[in-house]
$ cat entry_17.cif   # mmCIF, C-alpha atoms
data_model
loop_
_atom_site.group_PDB
_atom_site.id
_atom_site.type_symbol
_atom_site.label_atom_id
_atom_site.label_comp_id
_atom_site.auth_asym_id
_atom_site.auth_seq_id
_atom_site.Cartn_x
_atom_site.Cartn_y
_atom_site.Cartn_z
ATOM 1 C CA MET S 1 -37.635 -30.830 25.507
ATOM 2 C CA CYS S 2 -38.328 -27.063 25.343
ATOM 3 C CA ILE S 3 -36.525 -24.710 22.936
ATOM 4 C CA ARG S 4 -34.398 -23.193 25.708
ATOM 5 C CA ASP S 5 -33.165 -26.637 26.816
ATOM 6 C CA ARG S 6 -32.306 -27.560 23.210
ATOM 7 C CA TYR S 7 -30.458 -24.271 22.778
ATOM 8 C CA GLN S 8 -28.518 -24.807 26.017
ATOM 9 C CA ARG S 9 -27.547 -28.326 24.903
ATOM 10 C CA ARG S 10 -26.561 -27.207 21.404
ATOM 11 C CA VAL S 11 -24.515 -24.165 22.365
ATOM 12 C CA HIS S 12 -23.576 -24.704 25.992
ATOM 13 C CA GLY S 13 -23.774 -28.489 26.120
ATOM 14 C CA ASP S 14 -20.950 -30.880 26.866
ATOM 15 C CA ASN S 15 -17.399 -29.651 26.303
ATOM 16 C CA ASN S 16 -16.902 -31.834 23.225
ATOM 17 C CA ILE S 17 -19.819 -30.239 21.382
ATOM 18 C CA ARG S 18 -18.836 -26.739 22.536
ATOM 19 C CA ASN S 19 -15.236 -27.280 21.403
ATOM 20 C CA GLN S 20 -16.369 -28.526 17.974
ATOM 21 C CA PHE S 21 -18.594 -25.466 17.578
ATOM 22 C CA GLN S 22 -15.793 -23.080 18.590
ATOM 23 C CA GLN S 23 -13.347 -24.697 16.179
ATOM 24 C CA THR S 24 -15.877 -24.398 13.367
ATOM 25 C CA ILE S 25 -16.371 -20.658 13.796
ATOM 26 C CA MET S 26 -12.867 -19.784 14.980
ATOM 27 C CA PHE S 27 -12.095 -18.384 11.523
ATOM 28 C CA LEU S 28 -14.374 -15.404 12.231
ATOM 29 C CA GLN S 29 -12.712 -14.220 15.433
ATOM 30 C CA GLY S 30 -9.957 -11.655 15.501
ATOM 31 C CA VAL S 31 -8.901 -8.273 14.260
ATOM 32 C CA TRP S 32 -8.827 -8.263 10.470
ATOM 33 C CA ARG S 33 -7.196 -5.573 8.329
ATOM 34 C CA GLY S 34 -6.904 -5.074 4.614
ATOM 35 C CA LEU S 35 -8.108 -3.304 1.538
ATOM 36 C CA GLY S 36 -11.563 -3.192 0.083
ATOM 37 C CA LYS S 37 -13.330 -1.401 -2.697
ATOM 38 C CA VAL S 38 -16.684 -0.010 -3.642
ATOM 39 C CA ILE S 39 -17.205 -1.829 -6.924
ATOM 40 C CA GLU S 40 -19.373 0.814 -8.565
ATOM 41 C CA GLY S 41 -17.047 3.804 -8.876
ATOM 42 C CA ASN S 42 -13.941 1.769 -7.989
ATOM 43 C CA LEU S 43 -13.287 3.602 -4.684
ATOM 44 C CA SER S 44 -10.702 1.845 -2.503
ATOM 45 C CA TYR S 45 -10.623 1.886 1.297
ATOM 46 C CA ARG S 46 -8.646 0.491 4.218
ATOM 47 C CA GLU S 47 -10.667 -1.603 6.607
ATOM 48 C CA GLU S 48 -10.447 -2.929 10.122
ATOM 49 C CA LEU S 49 -12.987 -5.572 11.167
ATOM 50 C CA THR S 50 -13.006 -6.798 14.765
ATOM 51 C CA ILE S 51 -15.045 -9.888 15.650
ATOM 52 C CA THR S 52 -14.992 -10.947 19.299
ATOM 53 C CA GLN S 53 -16.745 -13.888 20.908
ATOM 54 C CA LEU S 54 -18.817 -12.568 23.811
ATOM 55 C CA LYS S 55 -20.217 -15.887 24.994
ATOM 56 C CA GLY S 56 -21.246 -19.171 23.444
ATOM 57 C CA ASN S 57 -22.694 -18.373 20.049
ATOM 58 C CA VAL S 58 -22.737 -14.557 20.351
ATOM 59 C CA PHE S 59 -20.077 -12.314 18.788
ATOM 60 C CA SER S 60 -19.665 -8.551 18.603
ATOM 61 C CA MET S 61 -18.631 -6.988 15.310
ATOM 62 C CA ILE S 62 -17.113 -3.545 14.720
ATOM 63 C CA GLN S 63 -16.165 -2.493 11.202
ATOM 64 C CA ARG S 64 -14.419 0.758 10.251
ATOM 65 C CA THR S 65 -13.124 2.014 6.918
ATOM 66 C CA GLN S 66 -10.740 4.817 6.061
ATOM 67 C CA HIS S 67 -9.557 6.581 2.944
ATOM 68 C CA PRO S 68 -6.337 4.768 1.920
ATOM 69 C CA GLU S 69 -4.313 7.963 1.455
ATOM 70 C CA THR S 70 -5.701 10.532 3.896
ATOM 71 C CA GLY S 71 -6.798 8.168 6.672
ATOM 72 C CA ASN S 72 -10.126 10.024 6.949
ATOM 73 C CA ALA S 73 -13.012 7.930 8.263
ATOM 74 C CA LEU S 74 -15.401 6.732 5.551
ATOM 75 C CA HIS S 75 -17.905 4.301 7.075
ATOM 76 C CA SER S 76 -18.478 2.206 10.146
ATOM 77 C CA GLU S 77 -20.999 -0.297 11.375
ATOM 78 C CA GLN S 78 -21.336 -2.396 14.453
ATOM 79 C CA GLY S 79 -23.539 -5.062 15.874
ATOM 80 C CA TYR S 80 -23.785 -8.697 16.762
ATOM 81 C CA ILE S 81 -23.466 -12.059 15.084
ATOM 82 C CA ARG S 82 -25.324 -15.079 16.459
ATOM 83 C CA LEU S 83 -24.602 -18.597 15.231
ATOM 84 C CA PHE S 84 -26.844 -21.606 15.874
ATOM 85 C CA PRO S 85 -25.505 -25.100 15.051
ATOM 86 C CA GLU S 86 -27.852 -27.200 12.933
ATOM 87 C CA SER S 87 -27.571 -30.083 15.396
ATOM 88 C CA GLU S 88 -25.289 -31.318 18.146
ATOM 89 C CA GLY S 89 -21.739 -31.399 16.863
ATOM 90 C CA ALA S 90 -22.694 -29.972 13.458
ATOM 91 C CA ASN S 91 -20.140 -27.845 11.571
ATOM 92 C CA LYS S 92 -22.889 -25.745 10.009
ATOM 93 C CA GLY S 93 -26.068 -23.980 10.950
ATOM 94 C CA ARG S 94 -27.996 -20.697 11.018
ATOM 95 C CA ALA S 95 -26.374 -17.264 11.177
ATOM 96 C CA GLU S 96 -27.932 -13.960 12.251
ATOM 97 C CA PHE S 97 -26.410 -10.482 11.969
ATOM 98 C CA ILE S 98 -27.901 -7.511 13.817
ATOM 99 C CA ILE S 99 -26.121 -4.368 12.567
ATOM 100 C CA SER S 100 -26.520 -0.614 13.021
ATOM 101 C CA HIS S 101 -25.141 2.181 10.844
ATOM 102 C CA PRO S 102 -24.402 5.781 11.850
ATOM 103 C CA PHE S 103 -26.595 7.141 9.022
ATOM 104 C CA GLY S 104 -29.800 5.961 10.672
ATOM 105 C CA VAL S 105 -30.249 2.389 9.443
ATOM 106 C CA GLY S 106 -30.546 -0.846 11.393
ATOM 107 C CA GLU S 107 -30.624 -4.244 9.744
ATOM 108 C CA ILE S 108 -31.266 -7.879 10.547
ATOM 109 C CA GLU S 109 -29.754 -10.426 8.206
ATOM 110 C CA GLU S 110 -30.225 -14.171 8.395
ATOM 111 C CA GLY S 111 -28.650 -17.082 6.605
ATOM 112 C CA THR S 112 -26.242 -19.971 7.066
ATOM 113 C CA TYR S 113 -22.660 -20.790 8.008
ATOM 114 C CA ASP S 114 -20.267 -23.716 7.673
ATOM 115 C CA GLU S 115 -16.538 -24.301 8.298
ATOM 116 C CA THR S 116 -15.413 -21.571 5.881
ATOM 117 C CA THR S 117 -18.401 -19.471 4.797
ATOM 118 C CA VAL S 118 -21.091 -17.251 6.269
ATOM 119 C CA ARG S 119 -23.901 -16.082 3.955
ATOM 120 C CA VAL S 120 -26.661 -13.797 5.180
ATOM 121 C CA GLU S 121 -29.281 -11.570 3.594
ATOM 122 C CA THR S 122 -31.634 -8.904 4.839
ATOM 123 C CA THR S 123 -34.842 -9.974 6.533
ATOM 124 C CA GLN S 124 -35.613 -6.583 8.141
ATOM 125 C CA LEU S 125 -34.441 -2.981 7.759
ATOM 126 C CA VAL S 126 -35.408 0.015 9.879
ATOM 127 C CA ARG S 127 -34.611 3.669 9.253
ATOM 128 C CA SER S 128 -34.631 6.753 11.415
ATOM 129 C CA ALA S 129 -36.626 9.788 10.311
ATOM 130 C CA THR S 130 -33.414 11.476 9.126
ATOM 131 C CA ALA S 131 -32.194 8.628 6.864
ATOM 132 C CA ARG S 132 -31.840 9.867 3.282
ATOM 133 C CA GLU S 133 -32.804 8.369 -0.061
ATOM 134 C CA PRO S 134 -32.043 6.251 -1.920
ATOM 135 C CA TYR S 135 -33.038 3.837 0.837
ATOM 136 C CA THR S 136 -31.313 0.486 1.126
ATOM 137 C CA THR S 137 -33.881 -2.267 0.594
ATOM 138 C CA LYS S 138 -31.721 -5.412 0.685
ATOM 139 C CA LEU S 139 -28.190 -6.565 1.498
ATOM 140 C CA VAL S 140 -26.509 -9.909 0.871
ATOM 141 C CA ARG S 141 -23.182 -10.568 2.627
ATOM 142 C CA VAL S 142 -20.870 -13.516 1.989
ATOM 143 C CA PHE S 143 -17.764 -14.019 4.136
ATOM 144 C CA GLN S 144 -15.256 -16.694 3.143
ATOM 145 C CA PHE S 145 -12.140 -17.928 4.898
ATOM 146 C CA VAL S 146 -9.552 -19.192 2.387
ATOM 147 C CA ASP S 147 -5.787 -19.609 2.849
ATOM 148 C CA GLY S 148 -5.785 -17.713 6.150
ATOM 149 C CA ARG S 149 -7.598 -14.690 4.725
ATOM 150 C CA LEU S 150 -11.122 -13.476 5.336
ATOM 151 C CA SER S 151 -12.778 -12.091 2.222
ATOM 152 C CA TYR S 152 -16.253 -10.741 1.774
ATOM 153 C CA LYS S 153 -18.608 -9.528 -0.906
ATOM 154 C CA VAL S 154 -21.651 -7.376 -0.286
ATOM 155 C CA GLN S 155 -24.534 -6.961 -2.701
ATOM 156 C CA MET S 156 -27.048 -4.164 -2.162
ATOM 157 C CA ALA S 157 -30.406 -3.051 -3.533
ATOM 158 C CA THR S 158 -31.926 0.390 -3.046
ATOM 159 C CA THR S 159 -35.171 2.124 -3.873
ATOM 160 C CA LYS S 160 -33.454 3.237 -7.122
ATOM 161 C CA GLN S 161 -31.439 0.146 -8.097
ATOM 162 C CA ASP S 162 -31.947 -3.630 -8.098
ATOM 163 C CA LEU S 163 -29.482 -5.924 -6.326
ATOM 164 C CA TYR S 164 -25.924 -5.203 -7.500
ATOM 165 C CA ASP S 165 -22.348 -5.937 -6.423
ATOM 166 C CA HIS S 166 -21.485 -3.181 -3.952
ATOM 167 C CA LEU S 167 -18.358 -4.010 -1.879
ATOM 168 C CA GLU S 168 -15.566 -6.544 -1.730
ATOM 169 C CA ALA S 169 -12.489 -6.877 0.462
ATOM 170 C CA VAL S 170 -9.707 -9.242 1.419
ATOM 171 C CA LEU S 171 -8.557 -9.025 5.035
ATOM 172 C CA GLU S 172 -5.712 -10.602 6.985
ATOM 173 C CA ARG S 173 -5.772 -11.415 10.672
ATOM 174 C CA SER S 174 -3.625 -8.962 12.591
ATOM 175 C CA ALA S 175 -4.470 -10.039 16.137
#

$ encode --input "entry_17.cif" --output "structure tokens"
Amino acid sequence: MCIRDRYQRRVHGDNNIRNQFQQTIMFLQGVWRGLGKVIEGNLSYREELTITQLKGNVFSMIQRTQHPETGNALHSEQGYIRLFPESEGANKGRAEFIISHPFGVGEIEEGTYDETTVRVETTQLVRSATAREPYTTKLVRVFQFVDGRLSYKVQMATTKQDLYDHLEAVLERSA
């Protein structure tokens, strides 16, 4: 069986398998809002994260942050999440994030997911000619769904600093 046929069976196969897959990753979908913070410097922000299933195993992701008092925009990123079940009916598998940033950086992160957790880390980064130093060299993201809340932690490394705890947030589903 060729790779495409296996993919079609795993992600678009019989309704039972598809339903199991969708139930497994349902925790990701929705509009999530809450507070986060930049750990170094203790800067707080309001966040809205929207994850929408486009088809099968492909999701769009749009993330925006604002200053908690002024409402001024701070950061945003958007891209796609792709999830690949380990095997037919499996509640875990491979995860891929493809994300772009408005400051001239694009990233590909790969890792794993299960019923409550997605963990990915950078496999590739690209920068535009206008991206400024210090350059990001690695990111590790961990999303966890616990007690109806979606939390995440982001670690980052740059050309001037080894991997360190960068961001964390706790979000609640609002839609």

$ resolve_selection --input "entry_17.cif" --expression "the PyMOL selection byres ((chain S and resi 99) around 8)" --output "PyMOL selection string"
chain S and resi 77-80+97-98+100-101+106-108

$ atom_distance --input "entry_17.cif" --atom1 "CA of Leu28 (chain S)" --atom2 "CA of Glu172 (chain S)"
11.2 Å

$ closest_residue --input "entry_17.cif" --among "S:Gly104, S:Leu150, S:Thr112, S:Lys92" --to "Glu133 (chain S)" --atoms "all atoms listed in the file"
S:Gly104

$ closest_residue --input "entry_17.cif" --among "S:Ser128, S:Asn72, S:Gln161, S:Ser87" --to "Glu47 (chain S)" --atoms "only C-alpha atoms"
S:Asn72

$ atom_distance --input "entry_17.cif" --atom1 "CA of Arg46 (chain S)" --atom2 "CA of His67 (chain S)"
6.3 Å

$ residues_around --input "entry_17.cif" --residues "Leu74 (chain S)" --least-positions-apart "4" --cutoff "9 Å" --atoms "all atoms listed in the file" --output "list in words"
Tyr45, Arg64, Thr65, Gln66 and His67 of chain S

$ closest_residue --input "entry_17.cif" --among "S:Lys55, S:Lys160, S:Arg149, S:Lys37" --to "Thr116 (chain S)" --atoms "all atoms listed in the file"
S:Arg149

$ closest_residue --input "entry_17.cif" --among "S:Ala129, S:Val170, S:Ile51, S:Val118" --to "Asp147 (chain S)" --atoms "all atoms listed in the file"
S:Val170

$ atom_distance --input "entry_17.cif" --atom1 "CA of Glu96 (chain S)" --atom2 "CA of Phe145 (chain S)"
17.9 Å

$ closest_residue --input "entry_17.cif" --among "S:Gly41, S:Leu171, S:Tyr135, S:Gln144" --to "Gln63 (chain S)" --atoms "only C-alpha atoms"
S:Leu171

$ closest_residue --input "entry_17.cif" --among "S:Thr70, S:Asn42, S:Gln29, S:Thr122" --to "Asn57 (chain S)" --atoms "all atoms listed in the file"
S:Gln29

$ resolve_selection --input "entry_17.cif" --expression "the PyMOL selection byres ((chain S and resi 60) around 9)" --output "list of chain:residue names"
S:Thr50, S:Ile51, S:Thr52, S:Gln53, S:Leu54, S:Val58, S:Phe59, S:Met61, S:Ile62, S:Gln78, S:Gly79, S:Tyr80, S:Ile81, S:Arg82

$ resolve_selection --input "entry_17.cif" --expression "the PyMOL selection byres ((chain S and resi 32) around 6)" --output "list in words"
Val31, Arg33, Glu48, Leu49, Leu171, Glu172, Arg173 and Ser174 of chain S

$ write_last_selection --input "entry_17.cif" --atoms "C-alpha atoms" --output "PDB file, in the coordinates of the input"
ATOM      1  CA  VAL S  31      -8.901  -8.273  14.260  1.00  0.00           C
ATOM      2  CA  ARG S  33      -7.196  -5.573   8.329  1.00  0.00           C
ATOM      3  CA  GLU S  48     -10.447  -2.929  10.122  1.00  0.00           C
ATOM      4  CA  LEU S  49     -12.987  -5.572  11.167  1.00  0.00           C
ATOM      5  CA  LEU S 171      -8.557  -9.025   5.035  1.00  0.00           C
ATOM      6  CA  GLU S 172      -5.712 -10.602   6.985  1.00  0.00           C
ATOM      7  CA  ARG S 173      -5.772 -11.415  10.672  1.00  0.00           C
ATOM      8  CA  SER S 174      -3.625  -8.962  12.591  1.00  0.00           C
TER       9      SER S 174
END

$ axis_aligned_box --input "entry_17.cif" --around "region 30-45 of chain S" --padding-each-side "6 Å" --output "JSON"
{"center_x": -13.1, "center_y": -3.9, "center_z": 3.3, "size_x": 24.5, "size_y": 27.5, "size_z": 36.4}
